[in-house]
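Trainee: This structure is in structure tokens; I'll ask about it shortly.
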Amino acid sequence: MIDKIVAKMPESLSGKEFTYCPGCHHGIVHRLIAEVIDELGIREKTLIVAPVGCSVFAYEFFNVDGTVAPHGRAPAVATGMKRATPDKIVFTYQGDGDLASIGTAEIVHAANRGENITTIFINNAVYGMTGGQMAPTTLLGQKTTTTPYGRDAKANGYPIRMSEMLSTLSGVAYIERVMVTTPQNVIKAKKAIKKAFEAQIKGLGFSLVEVLSTCPTNWGKSPVEAGKWLEENMAKYYPLGVYVDRTKEAE
């Protein structure tokens, strides 16, 4: 006889089956966000902004209000929503093709202004939804549909480290880079996401959690191979850790 519930689906998830590719980390991150929203008791006042990309389907999976945004414009939309309804908790859920490419200016200026919003940034080093093209975060030598011989620095420039770049801005309250390849990493990722939402609740300014993620389909790898490749390659170029934490100053 079972008399104790050990785990259940978070109320902040809609219950709809995820449509992401096998091995993709979006589902794990979705659950962590939903658990954090539930634990903080903010579901009824949380708003999500989902822009173009694999993340555009997030509005179907979260049991919160929100809207979609044009490609790259989620920070601008979130800024308007937060300023119009400052009592709400507003977060964007963005991929690297969205945030670090067409949306670079949007995220930089939202962070620089210290907009009191939270961004969950999924970095899988490739354009996932549109066919596996090179993204701003694609590693040197990494093959994509638009770099079939591997990314070349002279032709394509260098991979952008968004967390490091945004951490130089005065309006940032909290930035951390995590991954979800192991149970231990999942636990760390959840703590980071919770801290980012708490920074917004305290009114401290802009917060972002970058999650290194796999894309087995476009990488041409099995889920297990993709996880290993992430740890051995992406995590070396994109070091995990806290880049800004001004939450302690407010305590």
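Lettering and numbering for the structure tokens are positional, with chains as A, B, ... in the shown order, residues counted from 1 in each chain, and ligands counted from 1 in the shown order.
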May I have all residues of stretch 34-121 of chain A that DSSP, computed from the backbone, assigns to strand (DSSP E), given as a ChimeraX atom specification?
Mentor: /A:46-50,65-68,89-95,118-121
Trainee: So that I can see what lies close to A:Val126, please list as a ChimeraX atom specification the residues with an atom at most 9 Å from it, counting only C-alpha atoms and leaving out residues fewer than 3 positions away in the same chain.
Mentor: /A:96-97,123,131-138,144,215,218-219
Trainee: Among the residues of stretch 70-235 of chain A, find those DSSP assigns to alpha helix (DSSP H) from the backbone and print them as an MDAnalysis selection string.
Mentor: chainID A and resid 74:84 96:97 104:113 153:156 162:166 183:201 216:219 223:229 235
Trainee: Near stretch 33-39 of chain A, within 8 Å and counting only C-alpha atoms, which residues show up once chain neighbours fewer than 2 positions away are dropped, as a PyMOL selection string?
Mentor: chain A and resi 10-13+29-31+41-43+46+62+190+193-194
Trainee: Considering only C-alpha atoms, give me a table of residues in stretch 129-215 of chain A that are at most 7 Å from stretch 98-118 of chain A, with the closest atom pair and distance in Å for each, as a tab-separated table.
Mentor:
```
residue	atom	partner	partner_atom	distance
A:Pro136	CA	A:Ser101	CA	6.1
A:Leu166	CA	A:Val108	CA	6.6
A:Leu169	CA	A:Asn112	CA	5.4
A:Ser170	CA	A:Asn112	CA	6.2
A:Gly171	CA	A:Gly114	CA	3.7
A:Val172	CA	A:Ala111	CA	5.7
A:Ala196	CA	A:Thr118	CA	6.4
A:Phe197	CA	A:Thr118	CA	6.4
A:Gln200	CA	A:Asn116	CA	5.6
A:Gly203	CA	A:Asn116	CA	6.1
A:Leu204	CA	A:Asn116	CA	6.7
A:Gly205	CA	A:Asn116	CA	4.2
A:Phe206	CA	A:Asn116	CA	5.0
A:Ser207	CA	A:Thr118	CA	4.8
A:Leu208	CA	A:Thr118	CA	5.7
```
Trainee: Produce a file of the selected residues containing N, CA and C atoms, as a PDB file, in the first residue's frame.
Mentor:
```pdb
ATOM      1  N   PRO A 136      25.321  30.961 -33.530  1.00  0.00           N
ATOM      2  CA  PRO A 136      26.413  31.753 -32.976  1.00  0.00           C
ATOM      3  C   PRO A 136      27.223  30.974 -31.937  1.00  0.00           C
ATOM      4  N   LEU A 166      27.271  38.897 -21.043  1.00  0.00           N
ATOM      5  CA  LEU A 166      26.222  39.591 -20.298  1.00  0.00           C
ATOM      6  C   LEU A 166      26.644  39.890 -18.868  1.00  0.00           C
ATOM      7  N   LEU A 169      27.612  43.482 -17.662  1.00  0.00           N
ATOM      8  CA  LEU A 169      26.636  44.565 -17.631  1.00  0.00           C
ATOM      9  C   LEU A 169      26.139  44.840 -16.213  1.00  0.00           C
ATOM     10  N   SER A 170      25.983  46.101 -15.889  1.00  0.00           N
ATOM     11  CA  SER A 170      25.648  46.504 -14.519  1.00  0.00           C
ATOM     12  C   SER A 170      24.234  46.141 -14.098  1.00  0.00           C
ATOM     13  N   GLY A 171      23.326  45.948 -15.071  1.00  0.00           N
ATOM     14  CA  GLY A 171      21.939  45.666 -14.713  1.00  0.00           C
ATOM     15  C   GLY A 171      21.655  44.220 -14.367  1.00  0.00           C
ATOM     16  N   VAL A 172      22.671  43.376 -14.454  1.00  0.00           N
ATOM     17  CA  VAL A 172      22.481  41.940 -14.220  1.00  0.00           C
ATOM     18  C   VAL A 172      22.542  41.605 -12.734  1.00  0.00           C
ATOM     19  N   ALA A 196      17.361  32.272  -9.919  1.00  0.00           N
ATOM     20  CA  ALA A 196      17.072  33.292 -10.928  1.00  0.00           C
ATOM     21  C   ALA A 196      15.662  33.850 -10.745  1.00  0.00           C
ATOM     22  N   PHE A 197      14.701  32.982 -10.459  1.00  0.00           N
ATOM     23  CA  PHE A 197      13.341  33.451 -10.216  1.00  0.00           C
ATOM     24  C   PHE A 197      13.269  34.243  -8.917  1.00  0.00           C
ATOM     25  N   GLN A 200      14.233  37.805  -9.378  1.00  0.00           N
ATOM     26  CA  GLN A 200      13.148  38.630  -9.917  1.00  0.00           C
ATOM     27  C   GLN A 200      12.113  38.960  -8.843  1.00  0.00           C
ATOM     28  N   GLY A 203      13.111  41.742  -6.921  1.00  0.00           N
ATOM     29  CA  GLY A 203      13.241  42.984  -7.662  1.00  0.00           C
ATOM     30  C   GLY A 203      14.674  43.427  -7.897  1.00  0.00           C
ATOM     31  N   LEU A 204      15.578  42.458  -8.050  1.00  0.00           N
ATOM     32  CA  LEU A 204      16.999  42.783  -8.138  1.00  0.00           C
ATOM     33  C   LEU A 204      17.485  43.114  -9.537  1.00  0.00           C
ATOM     34  N   GLY A 205      16.673  42.816 -10.560  1.00  0.00           N
ATOM     35  CA  GLY A 205      17.102  43.098 -11.925  1.00  0.00           C
ATOM     36  C   GLY A 205      17.098  41.862 -12.799  1.00  0.00           C
ATOM     37  N   PHE A 206      17.877  41.898 -13.844  1.00  0.00           N
ATOM     38  CA  PHE A 206      17.882  40.836 -14.858  1.00  0.00           C
ATOM     39  C   PHE A 206      18.584  39.573 -14.356  1.00  0.00           C
ATOM     40  N   SER A 207      17.987  38.421 -14.665  1.00  0.00           N
ATOM     41  CA  SER A 207      18.608  37.148 -14.300  1.00  0.00           C
ATOM     42  C   SER A 207      18.515  36.180 -15.469  1.00  0.00           C
ATOM     43  N   LEU A 208      19.537  35.331 -15.599  1.00  0.00           N
ATOM     44  CA  LEU A 208      19.594  34.377 -16.706  1.00  0.00           C
ATOM     45  C   LEU A 208      20.267  33.090 -16.264  1.00  0.00           C
TER      46      LEU A 208
END
```
Trainee: Which residues are close to stretch 238-251 of chain A, i.e. within 9 Å by only C-alpha atoms, leaving aside same-chain residues fewer than 6 positions away? Reply as a ChimeraX atom specification.
Mentor: /A:161,163-164,167-168,172-179,192,195,198-199,202,204,207,212
Trainee: Could you tell me which of A:Ile122, A:Val209, A:Thr181, A:Ala58 comes closest to A:Pro223 if we count only C-alpha atoms?
Mentor: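 Among A:Ile122, A:Val209, A:Thr181, A:Ala58, it is A:Thr181 that comes nearest to A:Pro223.
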Trainee: Neighbouring residues of A:Val224 were defined as those with any atom within 10 Å, considering only C-alpha atoms; residues of the same chain fewer than 3 positions away were excluded. Please report them as an MDAnalysis selection string.
Mentor: chainID A and resid 23 181 214 216 221 227:229
Trainee: Name the residues in contact with A:Val56 at a cut-off of 10 Å, using only C-alpha atoms, excluding same-chain residues fewer than 5 positions from it; report them as a list in words.
Mentor: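 In the requested form, the answer reads Val49, Ala50, Pro51, Thr67, Val68, Ala69, Pro70, His71, Tyr93, Gln94, Gly95 and Met129 of chain A.
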Trainee: For the residues selected in the previous step, produce a file with N, CA and C atoms as a compact mmCIF listing (two decimals), in the first residue's frame.
Mentor:
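File produced: again21.txt:
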```
# COMPACT_ATOMS: atom_id res chain seq x y z
N VAL A 49 7.16 33.96 -22.07
CA VAL A 49 7.27 34.46 -23.43
C VAL A 49 8.13 33.45 -24.20
N ALA A 50 7.54 32.84 -25.22
CA ALA A 50 8.22 31.83 -26.02
C ALA A 50 8.39 32.33 -27.45
N PRO A 51 9.60 32.53 -27.92
CA PRO A 51 9.82 33.03 -29.27
C PRO A 51 9.94 31.88 -30.28
N THR A 67 2.64 34.34 -23.86
CA THR A 67 2.46 34.65 -25.27
C THR A 67 3.68 34.21 -26.06
N VAL A 68 3.57 34.25 -27.37
CA VAL A 68 4.72 33.99 -28.24
C VAL A 68 5.28 35.34 -28.69
N ALA A 69 6.50 35.32 -29.20
CA ALA A 69 7.15 36.55 -29.64
C ALA A 69 7.82 36.31 -30.98
N PRO A 70 8.00 37.35 -31.79
CA PRO A 70 8.77 37.21 -33.02
C PRO A 70 10.19 36.72 -32.69
N HIS A 71 10.84 36.18 -33.68
CA HIS A 71 12.16 35.60 -33.49
C HIS A 71 13.13 36.60 -32.85
N TYR A 93 11.89 31.94 -22.52
CA TYR A 93 12.50 30.62 -22.71
C TYR A 93 13.04 30.61 -24.13
N GLN A 94 14.37 30.73 -24.28
CA GLN A 94 14.96 30.98 -25.58
C GLN A 94 16.10 30.03 -25.92
N GLY A 95 16.22 29.70 -27.21
CA GLY A 95 17.33 28.91 -27.70
C GLY A 95 18.47 29.80 -28.15
N MET A 129 15.27 23.75 -34.75
CA MET A 129 14.01 23.58 -35.46
C MET A 129 14.14 23.69 -36.98
```
